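Q: Pasting a structure here, questions to come.
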Amino acid sequence: MSVQKKKALFICLGNICRSPIAEGVFQKTVNDMNLGDQWEIDSAAIGSWHVGNPPDWRALDTMKKHDVPYNNHARQITSEDFNYYDYIFGMDNENMKDLRRKAPKNCKAKLLLLGDFDPKGDKIIRDPYYDSDAVGFEKCYQQAVRCSKGFLEQLDKV
């Protein structure tokens, strides 16, 4: 008998910076723990501005630098996502407000702030989109690594 996969969706404003990095890092983390076949992982946007586009080049460069494979394109969250996924992670308080507003009543998904799982207590994953360099993308990557591990360590309590 096959075990039903757990499903995680990572959300940010445009789905080209923070959420693709979080998606890629979480996938790499579960793969490295030999749990990859137990998870279905995706990311999406609150807004529709970048639908169909690959991530920002700085996000792709950051993932490549850390050997995080990524080959997905931006999409917008749908109402169906709230009953398909087990966990939907927002990157900041605005994302969480938007997710709570969009969520259908009694939806299946647990809406979680990804930063709540950072052992360093860095709760907000700041949007690096308007930065002139890639420093914010590297910080986002490091936060995603800590939060992915932190979430997986606490999974039975979530």
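Residues are named by chain letter and number: chains run A, B, ... in the order of the structure tokens, numbers start at 1 in each chain, and ligands are numbered from 1 in the order shown.
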Please provide the set of residues having any atom within 8 Å of region 22-33 of chain A, restricted to only C-alpha atoms, with same-chain residues fewer than 6 positions apart removed, written as a PyMOL selection string.
A: chain A and resi 9-10+39+41-43+63+68-70+141+144-145+148-149
Q: Among region 3-151 of chain A, which residues carry a DSSP assignment of alpha helix (DSSP H), reported as a PyMOL selection string?
A: chain A and resi 18-32+57-65+81-84+93-102+135-151
Q: Which one is closest to Ile16 (chain A): A:Asp127, A:Pro104, A:Asp67, A:Asp122? Count only C-alpha atoms.
A: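 Of A:Asp127, A:Pro104, A:Asp67, A:Asp122, the one nearest Ile16 (chain A) is A:Asp127, counting only C-alpha atoms.
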Q: Show which residues sit within 9 Å of Pro55 (chain A), as number ranges by chain. Count only C-alpha atoms, and ignore same-chain residues fewer than 5 positions away.
A: A: 15-17, 20-21, 50, 60, 72-74
Q: Between A:Asp92, A:Asp131, A:Asp118, A:Asp156, which has the minimum distance to Cys12 (chain A) (counting only C-alpha atoms)?
A: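 Closest candidate: A:Asp92.
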Q: Between CA of Thr78 (chain A) and CA of Ala45 (chain A), what is the distance in Å, rounded to a tenth?
A: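 CA of Ala45 (chain A) lies 9.4 Å from CA of Thr78 (chain A).
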Q: Go through A:Asn34, A:Phe82, A:Gly47, A:Lys65 one by one, measure the shortest atom-to-atom distance of each to Glu138 (chain A) using only C-alpha atoms, and give the residue with the smallest value.
A: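 Residue with the minimum atom-to-atom distance to Glu138 (chain A): A:Lys65.
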Q: Excluding Val135 (chain A) and any residue of its chain fewer than 5 positions from it, enumerate the residues within 10 Å of it, using only C-alpha atoms, and give them as a ChimeraX atom specification.
A: /A:58,62,128,140-141
Q: Go ahead and write the selection's residues with all heavy atoms as a tab-separated table (two decimals), in the first residue's frame.
A:
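Okay, result_22.tsv is ready:
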chain	number	residue	atom	x	y	z
A	58	ARG	N	18.28	36.39	-10.62
A	58	ARG	CA	19.08	36.34	-9.38
A	58	ARG	C	18.65	35.16	-8.51
A	58	ARG	O	19.48	34.54	-7.84
A	58	ARG	CB	18.95	37.66	-8.61
A	58	ARG	CG	19.53	38.85	-9.37
A	58	ARG	CD	19.10	40.17	-8.79
A	58	ARG	NE	17.66	40.34	-8.94
A	58	ARG	CZ	16.97	41.38	-8.47
A	58	ARG	NH1	17.58	42.34	-7.80
A	58	ARG	NH2	15.66	41.47	-8.66
A	62	THR	N	21.16	32.10	-7.60
A	62	THR	CA	21.36	31.70	-6.20
A	62	THR	C	21.13	30.20	-6.05
A	62	THR	O	21.91	29.51	-5.39
A	62	THR	CB	20.41	32.51	-5.28
A	62	THR	OG1	20.71	33.90	-5.44
A	62	THR	CG2	20.59	32.12	-3.83
A	128	PRO	N	13.35	40.37	-2.06
A	128	PRO	CA	14.56	40.99	-2.61
A	128	PRO	C	14.37	41.52	-4.04
A	128	PRO	O	15.32	41.97	-4.67
A	128	PRO	CB	15.56	39.83	-2.60
A	128	PRO	CG	14.71	38.62	-2.85
A	128	PRO	CD	13.38	38.91	-2.18
A	140	CYS	N	17.53	35.03	1.48
A	140	CYS	CA	16.30	34.27	1.31
A	140	CYS	C	16.61	32.77	1.23
A	140	CYS	O	15.94	31.95	1.86
A	140	CYS	CB	15.59	34.74	0.04
A	140	CYS	SG	14.16	33.75	-0.41
A	141	TYR	N	17.66	32.42	0.49
A	141	TYR	CA	18.07	31.02	0.37
A	141	TYR	C	18.43	30.45	1.75
A	141	TYR	O	17.97	29.37	2.12
A	141	TYR	CB	19.25	30.89	-0.60
A	141	TYR	CG	19.91	29.53	-0.50
A	141	TYR	CD1	19.36	28.43	-1.16
A	141	TYR	CD2	21.04	29.34	0.29
A	141	TYR	CE1	19.94	27.17	-1.03
A	141	TYR	CE2	21.61	28.09	0.43
A	141	TYR	CZ	21.05	27.00	-0.24
A	141	TYR	OH	21.62	25.76	-0.10
Q: Between CA of Leu152 (chain A) and CA of Ala134 (chain A), measure the distance and give it in Å to one decimal.
A: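 About the pair CA of Leu152 (chain A) and CA of Ala134 (chain A): they are 27.2 Å apart.
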Q: Measuring between only C-alpha atoms, which one of A:Pro119, A:Pro54, A:Gly90, A:Gly14 shows the shortest distance to Gln143 (chain A)?
A: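 Looking only at the distances to Gln143 (chain A), the closest residue turns out to be A:Pro119.
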Q: Which residue is closest to Gln142 (chain A)? Choose from A:Lys120, A:Lys5, A:Lys110, A:Lys97 and count only C-alpha atoms.
A: A:Lys120
Q: Which polymer residues have any atom within 10 Å of an atom of Val158 (chain A), counting only C-alpha atoms, with same-chain residues fewer than 4 positions away left out, as a ChimeraX atom specification?
A: /A:87,110,112,151-154
Q: Okay, now the selection with N, CA, C and O atoms, as a CSV table (one decimal), in the first residue's frame?
A:
chain,number,residue,atom,x,y,z
A,87,TYR,N,-0.2,22.0,3.4
A,87,TYR,CA,0.5,23.1,4.0
A,87,TYR,C,0.7,24.2,2.9
A,87,TYR,O,1.2,23.9,1.9
A,110,LYS,N,-3.2,24.0,6.0
A,110,LYS,CA,-2.8,24.8,7.1
A,110,LYS,C,-2.0,25.9,6.6
A,110,LYS,O,-1.0,25.7,5.8
A,112,LEU,N,0.6,28.7,7.0
A,112,LEU,CA,1.8,28.9,7.9
A,112,LEU,C,2.7,29.9,7.4
A,112,LEU,O,3.0,30.0,6.2
A,151,PHE,N,10.9,23.2,9.8
A,151,PHE,CA,9.5,22.7,9.7
A,151,PHE,C,9.5,21.1,9.7
A,151,PHE,O,8.7,20.5,10.4
A,152,LEU,N,10.4,20.5,9.0
A,152,LEU,CA,10.5,19.0,8.9
A,152,LEU,C,10.7,18.4,10.3
A,152,LEU,O,10.2,17.4,10.6
A,153,GLU,N,11.6,19.1,11.1
A,153,GLU,CA,11.8,18.6,12.5
A,153,GLU,C,10.6,18.7,13.4
A,153,GLU,O,10.5,18.0,14.3
A,154,GLN,N,9.7,19.7,13.1
A,154,GLN,CA,8.5,19.9,13.9
A,154,GLN,C,7.3,19.4,13.3
A,154,GLN,O,6.2,19.6,13.8
